[in-house]
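K.L.:
Once you've had a glance at the structure underneath, I'll fire off some questions.
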Amino acid sequence: MITSTVPKVTRRAQARLGIFMVAPLMILVIVFFLFPLGSSVYYSVVDFDGVTANPPFVGLANYVRMFTDPEVLHALTNNLIWIVIGTIAPLVIGLLLALMLWTVRRGSALYRLAFFFPFVLPGVVIGIVWGWIYDPLSGWLNVALRAVGLGSLVTGWLGNPNTALYAVLATAIWAGFGFAMIIFLSALRNVDTELVDAARLDRTNAAQRLWHVILPQIMPVFLMVTTITLVGGFSVFDIIFIMTNGSIATNVLGTYSYSNAFQLNNISYGTTLALLITALSIPCAVLLNRLQRKLSLQGTSA
Amino acid sequence: MTDFTETERSQLRLASGLDKPLPREQNRISPRRRFALTGKHLLLILLAGLTLAPVVLIISTALKTDVDVKVDPFGLFTSFSFENIVNAWTQGGFSDYVWNSVLLTVPSTALVLVLSTLAGYAFARLPFPGRTTLFYVVVLGLLVPFFTYMIPLFYQLRSLGLLDTLPGVILVLTSTGVSFGTFFMRAFFTDLPVELDQAARIDGASEWQIFHRIMLPLVGSGISALGVFTFLGAWNNFLVPLLYLPGGNFRPVTTGLYQFMSARLIDVGPLAAAALITIFPVLVLFVVLQKQVATGFISGAVKG
């Protein structure tokens, strides 16, 4: 739109500088992203053993294997459990905390800092310290359960196949709700407080105000946090790998793909599994992003 | 202010819709409200304490004496000594790991900042052929999980001779950060008014001078937020060094800690100390630069 007012010499200078400025980035993106991305499609239709230069073409054999492998279904089920609980819980906890902190003046920054801090910790440290908390003998959780007379619930939380996934999931929720909280807090700052006060005058209760007045206003942000946690749920790896390495009970697509490629030397099969993660997560991300954009547009026009 | 008649009070009460009695003095909050506020603070303090309890556990266990840590590993602050920290730093090899982490994190963060700022500016304000297509490629990098291409990347690095080398891993760490960085910086440059470069152009500034002298100083807050965000991401990264530094020559704190954990599950004391060393820079950065950290994550999420 402004190009018409800009002289031709300037436009040429801009184009030259523009290409010069994106060139280093594009070289890096091509070599370390686009090229391996293309290779991963290639890997999935050959039988690569990591050494042979020209691996034999196997067509869709890796895909057929994937769809008939019972462990894929098991891992996918674990991913779904992870995604459902691991998305809802941080959202709910984060929203409740943000609503509590919204009206707090004194010490607000300190609370924010405390709740957000776990989010910036490395996964290995989180895994180690929660491993201690879940320790069967002297871990805080079992000690606390015995202390309040719930000794019958005591178990080796990470070793027991029935509890392992949920124990790791609880850890991930602890590490993640602070992120949802600060995003909600920043969104609440833009909420029209006059509307909330007006609703209060109309003798609505807190739940009604939340549902009818506050939530519609922060809906785009709500969907954005959902997208981020949901997409992360498909490619979860670090924390499960660290806390329960080698356990079948907590296998998700990420750990199953990793162990195939780097421990069992089924490189092509591992890559195919990784492509499944992508195929599942990208449509979700795009869909939620569309919805979010639609809602933000409605929000600005209203 | 205080001499309202009873009817005036009831009218006021009606008008403001409050079903609780008006405060005796207008500039003081009512006891009931104060009680509620105190309750809220108590609840928040309790919740914050619970949230930070695992972090306190790391610090407490790291600072125990060797004897105490065997008897009562998870009791809080029952003894005090630096022997675990010294142990992890020297015998545990964490002096090397910290140095390796610095060698990996600082160059990759600097590279992300330079590449993202340059490209972000070009995508925002310099029309050039193919701009839209190239920007879509950059956005694709945000959508595709690292998982998708990490396995082929391993063999690609090996054939390039970059596997198990510092430059190789620095470049991978950089490439995982630039998509977001470019997206982020582009948003900052887009927000600057068009009049700025028009005025500068009339004054005879070259295109590079417009970027360098006028635009760049205006996005300082964006660059520092991105810097903190990228640094934390690179420092905490586990998968990249796990995959591409298999030899262990340049092992950073995260995979070093993982190795340490697998090797000595029973040595709780040195392990806690090693964990504390690993998170120490994070802790310092988080407390000192909390504003940049929060801005980085919030605007990162909103703009991403």
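Order determines the names: the first chain of the structure tokens is A, the second B, and so forth; residues in each chain are numbered 1 upward, and ligands are numbered 1 upward as they are shown.
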Mind running chain B against chain A at 6 Å and telling me each contacting residue's nearest atom pair with the distance in Å (one decimal), counting only C-alpha atoms, chain and number ascending, as a tab-separated table?

P.N.:
residue	atom	partner	partner_atom	distance
B:Gly17	CA	A:Leu201	CA	5.3
B:Ala48	CA	A:Ala114	CA	5.7
B:Leu115	CA	A:Leu25	CA	5.7
B:Leu118	CA	A:Met21	CA	5.2
B:Ala119	CA	A:Val22	CA	4.5
B:Ala122	CA	A:Gly18	CA	4.8
B:Leu126	CA	A:Gln14	CA	5.4
B:Pro127	CA	A:Ala15	CA	5.8
B:Phe128	CA	A:Ala15	CA	4.2
B:Phe147	CA	A:Ala274	CA	5.8
B:Thr148	CA	A:Ala274	CA	5.0
B:Tyr149	CA	A:Leu37	CA	5.0
B:Pro152	CA	A:Pro36	CA	5.4
B:Leu153	CA	A:Pro36	CA	5.3
B:Asn236	CA	A:Pro122	CA	4.6
B:Ala275	CA	A:Val125	CA	5.7
B:Ile298	CA	A:Ile183	CA	5.7

K.L.:
Check the DSSP output for the backbone and give back, as JSON, numbers by chain, the residues of range 140-279 of chain A in alpha helix (DSSP H).

P.N.:
{"A": [140, 141, 142, 143, 144, 145, 146, 147, 164, 165, 166, 167, 168, 169, 170, 171, 172, 173, 174, 175, 176, 177, 178, 179, 180, 181, 182, 183, 184, 185, 186, 187, 188, 193, 194, 195, 196, 197, 198, 199, 200, 201, 206, 207, 208, 209, 215, 216, 217, 218, 219, 220, 221, 222, 223, 224, 225, 226, 227, 228, 229, 230, 231, 232, 233, 234, 238, 239, 240, 241, 242, 243, 253, 254, 255, 256, 257, 258, 267, 268, 269, 270, 271, 272, 273, 274, 275, 276, 277, 278, 279]}

K.L.:
Emit the selected residues as an mmCIF file, in the first residue's frame, including C-alpha atoms.

P.N.:
data_model
loop_
_atom_site.group_PDB
_atom_site.id
_atom_site.type_symbol
_atom_site.label_atom_id
_atom_site.label_comp_id
_atom_site.auth_asym_id
_atom_site.auth_seq_id
_atom_site.Cartn_x
_atom_site.Cartn_y
_atom_site.Cartn_z
ATOM 1 C CA TRP A 140 6.948 -36.850 51.591
ATOM 2 C CA LEU A 141 3.810 -38.213 49.938
ATOM 3 C CA ASN A 142 3.861 -41.584 51.675
ATOM 4 C CA VAL A 143 4.981 -40.045 54.968
ATOM 5 C CA ALA A 144 2.064 -37.620 54.774
ATOM 6 C CA LEU A 145 -0.391 -40.394 53.890
ATOM 7 C CA ARG A 146 0.746 -42.485 56.867
ATOM 8 C CA ALA A 147 0.564 -39.448 59.133
ATOM 9 C CA ALA A 164 3.097 -44.185 37.426
ATOM 10 C CA LEU A 165 1.503 -42.215 34.589
ATOM 11 C CA TYR A 166 -0.643 -40.170 36.955
ATOM 12 C CA ALA A 167 2.265 -39.498 39.289
ATOM 13 C CA VAL A 168 4.315 -38.091 36.400
ATOM 14 C CA LEU A 169 1.277 -36.204 35.149
ATOM 15 C CA ALA A 170 0.761 -34.568 38.548
ATOM 16 C CA THR A 171 4.368 -33.428 38.388
ATOM 17 C CA ALA A 172 3.827 -31.930 34.955
ATOM 18 C CA ILE A 173 0.719 -30.122 36.182
ATOM 19 C CA TRP A 174 2.732 -28.673 39.067
ATOM 20 C CA ALA A 175 5.333 -27.452 36.594
ATOM 21 C CA GLY A 176 2.793 -26.046 34.164
ATOM 22 C CA PHE A 177 -0.053 -24.272 35.936
ATOM 23 C CA GLY A 178 2.035 -21.166 36.622
ATOM 24 C CA PHE A 179 2.330 -20.558 32.906
ATOM 25 C CA ALA A 180 -1.461 -20.641 32.476
ATOM 26 C CA MET A 181 -1.760 -18.350 35.500
ATOM 27 C CA ILE A 182 0.471 -15.517 34.275
ATOM 28 C CA ILE A 183 -1.142 -15.602 30.842
ATOM 29 C CA PHE A 184 -4.596 -15.378 32.426
ATOM 30 C CA LEU A 185 -3.446 -12.600 34.745
ATOM 31 C CA SER A 186 -2.218 -10.523 31.837
ATOM 32 C CA ALA A 187 -5.494 -11.173 30.005
ATOM 33 C CA LEU A 188 -7.543 -10.224 33.069
ATOM 34 C CA THR A 193 -14.003 -4.040 35.183
ATOM 35 C CA GLU A 194 -17.008 -1.787 34.716
ATOM 36 C CA LEU A 195 -18.866 -4.702 33.186
ATOM 37 C CA VAL A 196 -17.933 -6.847 36.169
ATOM 38 C CA ASP A 197 -19.109 -4.141 38.575
ATOM 39 C CA ALA A 198 -22.316 -3.727 36.602
ATOM 40 C CA ALA A 199 -22.917 -7.453 36.849
ATOM 41 C CA ARG A 200 -22.285 -7.237 40.599
ATOM 42 C CA LEU A 201 -24.940 -4.543 40.851
ATOM 43 C CA ALA A 206 -19.208 -14.984 41.505
ATOM 44 C CA ALA A 207 -19.736 -18.063 39.329
ATOM 45 C CA GLN A 208 -22.245 -16.239 37.119
ATOM 46 C CA ARG A 209 -19.918 -13.267 36.730
ATOM 47 C CA LEU A 215 -14.709 -15.795 30.563
ATOM 48 C CA PRO A 216 -16.131 -14.476 27.277
ATOM 49 C CA GLN A 217 -13.663 -11.605 27.455
ATOM 50 C CA ILE A 218 -10.613 -13.795 27.987
ATOM 51 C CA MET A 219 -11.778 -16.601 25.678
ATOM 52 C CA PRO A 220 -9.139 -16.011 22.949
ATOM 53 C CA VAL A 221 -6.359 -16.251 25.528
ATOM 54 C CA PHE A 222 -8.026 -19.279 27.063
ATOM 55 C CA LEU A 223 -7.968 -21.046 23.695
ATOM 56 C CA MET A 224 -4.375 -20.013 23.127
ATOM 57 C CA VAL A 225 -3.207 -21.580 26.392
ATOM 58 C CA THR A 226 -5.267 -24.659 25.492
ATOM 59 C CA THR A 227 -3.513 -24.895 22.132
ATOM 60 C CA ILE A 228 -0.071 -24.621 23.668
ATOM 61 C CA THR A 229 -0.647 -27.243 26.376
ATOM 62 C CA LEU A 230 -2.524 -29.539 24.013
ATOM 63 C CA VAL A 231 0.105 -29.512 21.296
ATOM 64 C CA GLY A 232 2.762 -29.996 23.968
ATOM 65 C CA GLY A 233 0.767 -33.006 25.187
ATOM 66 C CA PHE A 234 1.302 -34.893 21.935
ATOM 67 C CA ASP A 238 11.473 -35.095 28.793
ATOM 68 C CA ILE A 239 9.657 -35.589 32.039
ATOM 69 C CA ILE A 240 8.378 -39.105 31.281
ATOM 70 C CA PHE A 241 11.757 -40.207 29.972
ATOM 71 C CA ILE A 242 13.487 -38.821 33.059
ATOM 72 C CA MET A 243 11.069 -40.029 35.724
ATOM 73 C CA LEU A 253 4.421 -41.846 21.433
ATOM 74 C CA GLY A 254 7.461 -39.672 22.127
ATOM 75 C CA THR A 255 9.266 -42.168 24.356
ATOM 76 C CA TYR A 256 8.237 -45.086 22.118
ATOM 77 C CA SER A 257 9.610 -43.279 19.070
ATOM 78 C CA TYR A 258 12.845 -42.436 20.901
ATOM 79 C CA ILE A 267 15.369 -45.915 12.965
ATOM 80 C CA SER A 268 12.795 -45.868 10.188
ATOM 81 C CA TYR A 269 10.022 -47.103 12.458
ATOM 82 C CA GLY A 270 10.895 -44.520 15.106
ATOM 83 C CA THR A 271 10.724 -41.781 12.482
ATOM 84 C CA THR A 272 7.325 -43.019 11.296
ATOM 85 C CA LEU A 273 6.058 -42.802 14.875
ATOM 86 C CA ALA A 274 7.383 -39.249 15.121
ATOM 87 C CA LEU A 275 5.458 -38.388 11.963
ATOM 88 C CA LEU A 276 2.319 -39.713 13.643
ATOM 89 C CA ILE A 277 2.864 -37.228 16.508
ATOM 90 C CA THR A 278 3.107 -34.428 13.956
ATOM 91 C CA ALA A 279 0.079 -35.592 12.010
#

K.L.:
CA of Val172 in chain B and CA of Val240 in chain B are how many Å apart?

P.N.:
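The value is 7.6 Å.
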
K.L.:
Using only C-alpha atoms, pick whichever of A:Ala98, A:Ala61, A:Leu80, A:Val252 has the shortest atom-to-atom distance to Val46 in chain A.

P.N.:
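Distance minimum relative to Val46 in chain A lands on A:Ala61.
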